[in-house]
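Colleague: The structure's right below; bear with me while I get my questions together.
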Amino acid sequence: GEDVEQSLFLSVREGDSSVINCTYTDSSSTYLYWYKQEPGAGLQLLTYIFSNMDMKQDQRLTVLLNKKDKHLSLRIADTQTGDSAIYFCAETPPGNQFYFGTGTSLTVIP
Amino acid sequence: NAGVTQTPKFRILKIGQSMTLQCTQDMNHNYMYWYRQDPGMGLKLIYYSVGAGITDKGEVPNGYNVSRSTTEDFPLRLELAAPSQTSVYFCASSYSPGSYEQYFGPGTRLTVT
């Protein structure tokens with residue numbers, strides 16, 4: 001299987017920016033994703049980036065992709081307490097499977 | 001649309017018992033997946049299906065079985081439950097494997113004691 005790695009924990013103060021990092025393994029992945037999981041719930045798609053892009057911005061979210069280093073990051077601007085959740089990156093190499101990272105638990109301190 | 005539904009939400013099993021986790025989707029998706037989530041380990045794929053009658057193993061299939069008799073339903077069977085199967089189980093579906101979104105159910109929290 002693929003090893004998609006993330007830091008397990010991140011704490012930020014409300015109003016600051018959060019940056020969640022991910023390293024993936026398969027350079028042939030077409031899409032790379034960020035999913036959000038709130039307590040007691042399933043995962044929901046937050047945003048995604050196509051592999052031929054370097055950056056994607058969507059309101060408070062900025063995704064950066066460095067294909068050379070196989071590094072993906074998610075920046076959340078003006079982080080709010082409602083952003084507290086676990087964030088998963090995922091890749092889709094050719095085939096039928098998604099490979100998810102270990103998840104980063106984001107805690108926003110009021 | 002209800003999306004992806006899973007039952008039960010919680011279950012406690014004794015070692016050696018069997019059970020079936022139910023998953024249903026109403027989005028007419030061909031692709032369906034079963035994952036388990038363990039703390040600090042992310043999601044691991046157990047089994048997946050690319051359509052009715054077709055299933056395949058994921059990363060961690062041992063101790064589990066699946067079937068896909070209809071597009072809507074993708075039950076996961078645990079035979080002879082073991083403590084190592086204590087986990088949260090998620091079912092998901094997608095329109096295609098490279099599709100940018102998998103839709104997840106709310107999960108089933110299973111404890112084997």
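All residue names refer to the structure tokens as shown: chains lettered A, B, ... in order, residues numbered from 1 in each chain, ligands numbered from 1 in order.
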Please produce, as CSV, a per-residue contact table for chain A versus chain B (criterion: any atom at most 8 Å away, only C-alpha atoms considered), showing the nearest atom pair and its distance in Å to one decimal, sorted by chain then residue number.
Modeller:
```
residue,atom,partner,partner_atom,distance
A:Gly1,CA,B:Glu59,CA,6.5
A:Leu8,CA,B:Gly40,CA,6.8
A:Thr30,CA,B:Gly98,CA,7.5
A:Tyr31,CA,B:Tyr100,CA,6.9
A:Tyr33,CA,B:Tyr100,CA,7.5
A:Gly40,CA,B:Pro106,CA,7.4
A:Ala41,CA,B:Pro106,CA,5.0
A:Gly42,CA,B:Pro106,CA,4.6
A:Leu43,CA,B:Phe104,CA,5.8
A:Gln44,CA,B:Phe104,CA,6.9
A:Leu45,CA,B:Glu101,CA,6.3
A:Tyr48,CA,B:Tyr100,CA,7.0
A:Phe88,CA,B:Gly42,CA,7.7
A:Thr92,CA,B:Gly98,CA,6.6
A:Pro94,CA,B:Gly98,CA,7.9
A:Gly95,CA,B:Pro97,CA,7.1
A:Asn96,CA,B:Pro97,CA,4.8
A:Gln97,CA,B:Pro97,CA,6.6
A:Phe98,CA,B:Pro97,CA,7.8
A:Tyr99,CA,B:Lys44,CA,7.8
A:Phe100,CA,B:Leu43,CA,5.9
A:Gly101,CA,B:Gly42,CA,5.6
A:Thr102,CA,B:Gly42,CA,3.6
A:Gly103,CA,B:Gly42,CA,5.6
```
Colleague: When DSSP works through the backbone of this structure, what residues of chain A end up as strand (DSSP E or B), shown as a ChimeraX atom specification?
Modeller: /A:5-6,9-13,18-23,31-37,43-50,55-58,61-66,71-76,85-91,99-100,104-109
Colleague: Restricting it to C-alpha atoms, dump the selection as a PDB file, in the first residue's frame.
Modeller:
```pdb
ATOM      1  CA  GLU A   5       2.158  10.757   5.989  1.00  0.00           C
ATOM      2  CA  GLN A   6       0.926  13.613   8.113  1.00  0.00           C
ATOM      3  CA  PHE A   9      -1.527  17.037  15.941  1.00  0.00           C
ATOM      4  CA  LEU A  10      -1.615  20.802  15.372  1.00  0.00           C
ATOM      5  CA  SER A  11      -2.773  23.564  17.727  1.00  0.00           C
ATOM      6  CA  VAL A  12      -3.354  27.162  16.669  1.00  0.00           C
ATOM      7  CA  ARG A  13      -4.967  30.226  18.188  1.00  0.00           C
ATOM      8  CA  SER A  18      -3.116  26.851  10.142  1.00  0.00           C
ATOM      9  CA  VAL A  19      -0.871  24.867   7.828  1.00  0.00           C
ATOM     10  CA  ILE A  20      -1.348  21.125   7.591  1.00  0.00           C
ATOM     11  CA  ASN A  21       1.273  19.164   5.689  1.00  0.00           C
ATOM     12  CA  CYS A  22       1.210  15.846   3.874  1.00  0.00           C
ATOM     13  CA  THR A  23       3.720  13.769   1.954  1.00  0.00           C
ATOM     14  CA  TYR A  31      -5.958  14.062  -7.863  1.00  0.00           C
ATOM     15  CA  LEU A  32      -4.937  14.903  -4.327  1.00  0.00           C
ATOM     16  CA  TYR A  33      -7.561  15.646  -1.738  1.00  0.00           C
ATOM     17  CA  TRP A  34      -8.193  17.123   1.640  1.00  0.00           C
ATOM     18  CA  TYR A  35     -11.011  15.670   3.714  1.00  0.00           C
ATOM     19  CA  LYS A  36     -12.341  16.940   7.035  1.00  0.00           C
ATOM     20  CA  GLN A  37     -13.721  14.735   9.783  1.00  0.00           C
ATOM     21  CA  LEU A  43     -15.207  12.268   6.246  1.00  0.00           C
ATOM     22  CA  GLN A  44     -16.325  15.096   4.018  1.00  0.00           C
ATOM     23  CA  LEU A  45     -14.453  16.442   1.023  1.00  0.00           C
ATOM     24  CA  LEU A  46     -12.975  19.853   1.779  1.00  0.00           C
ATOM     25  CA  THR A  47     -11.063  20.562  -1.400  1.00  0.00           C
ATOM     26  CA  TYR A  48      -8.942  18.883  -4.031  1.00  0.00           C
ATOM     27  CA  ILE A  49      -6.219  19.742  -6.518  1.00  0.00           C
ATOM     28  CA  PHE A  50      -5.466  18.285  -9.897  1.00  0.00           C
ATOM     29  CA  MET A  55      -1.898  25.985  -6.116  1.00  0.00           C
ATOM     30  CA  LYS A  56      -5.609  26.213  -5.596  1.00  0.00           C
ATOM     31  CA  GLN A  57      -7.434  28.787  -3.516  1.00  0.00           C
ATOM     32  CA  ASP A  58     -10.971  28.423  -2.259  1.00  0.00           C
ATOM     33  CA  LEU A  61      -8.405  27.487   2.030  1.00  0.00           C
ATOM     34  CA  THR A  62      -5.190  27.385   0.012  1.00  0.00           C
ATOM     35  CA  VAL A  63      -3.770  24.122  -1.288  1.00  0.00           C
ATOM     36  CA  LEU A  64      -0.139  23.988  -2.379  1.00  0.00           C
ATOM     37  CA  LEU A  65       1.285  21.076  -4.336  1.00  0.00           C
ATOM     38  CA  ASN A  66       4.991  20.395  -4.809  1.00  0.00           C
ATOM     39  CA  HIS A  71       4.359  17.400  -0.739  1.00  0.00           C
ATOM     40  CA  LEU A  72       0.852  18.725  -0.282  1.00  0.00           C
ATOM     41  CA  SER A  73      -0.225  21.379   2.175  1.00  0.00           C
ATOM     42  CA  LEU A  74      -3.489  22.923   3.301  1.00  0.00           C
ATOM     43  CA  ARG A  75      -3.504  26.447   4.670  1.00  0.00           C
ATOM     44  CA  ILE A  76      -6.569  27.674   6.540  1.00  0.00           C
ATOM     45  CA  ALA A  85     -11.419  18.587  13.322  1.00  0.00           C
ATOM     46  CA  ILE A  86      -9.212  15.875  11.870  1.00  0.00           C
ATOM     47  CA  TYR A  87      -7.904  16.609   8.390  1.00  0.00           C
ATOM     48  CA  PHE A  88      -6.914  13.828   6.009  1.00  0.00           C
ATOM     49  CA  CYS A  89      -5.011  14.090   2.784  1.00  0.00           C
ATOM     50  CA  ALA A  90      -5.569  11.393   0.177  1.00  0.00           C
ATOM     51  CA  GLU A  91      -4.105  10.380  -3.149  1.00  0.00           C
ATOM     52  CA  TYR A  99      -5.017   6.131  -0.026  1.00  0.00           C
ATOM     53  CA  PHE A 100      -5.569   8.262   3.021  1.00  0.00           C
ATOM     54  CA  THR A 104      -3.931  15.629  11.517  1.00  0.00           C
ATOM     55  CA  SER A 105      -6.018  16.611  14.517  1.00  0.00           C
ATOM     56  CA  LEU A 106      -6.378  20.408  14.489  1.00  0.00           C
ATOM     57  CA  THR A 107      -7.255  22.116  17.751  1.00  0.00           C
ATOM     58  CA  VAL A 108      -8.191  25.786  17.643  1.00  0.00           C
ATOM     59  CA  ILE A 109      -7.660  27.609  20.929  1.00  0.00           C
TER      60      ILE A 109
END
```
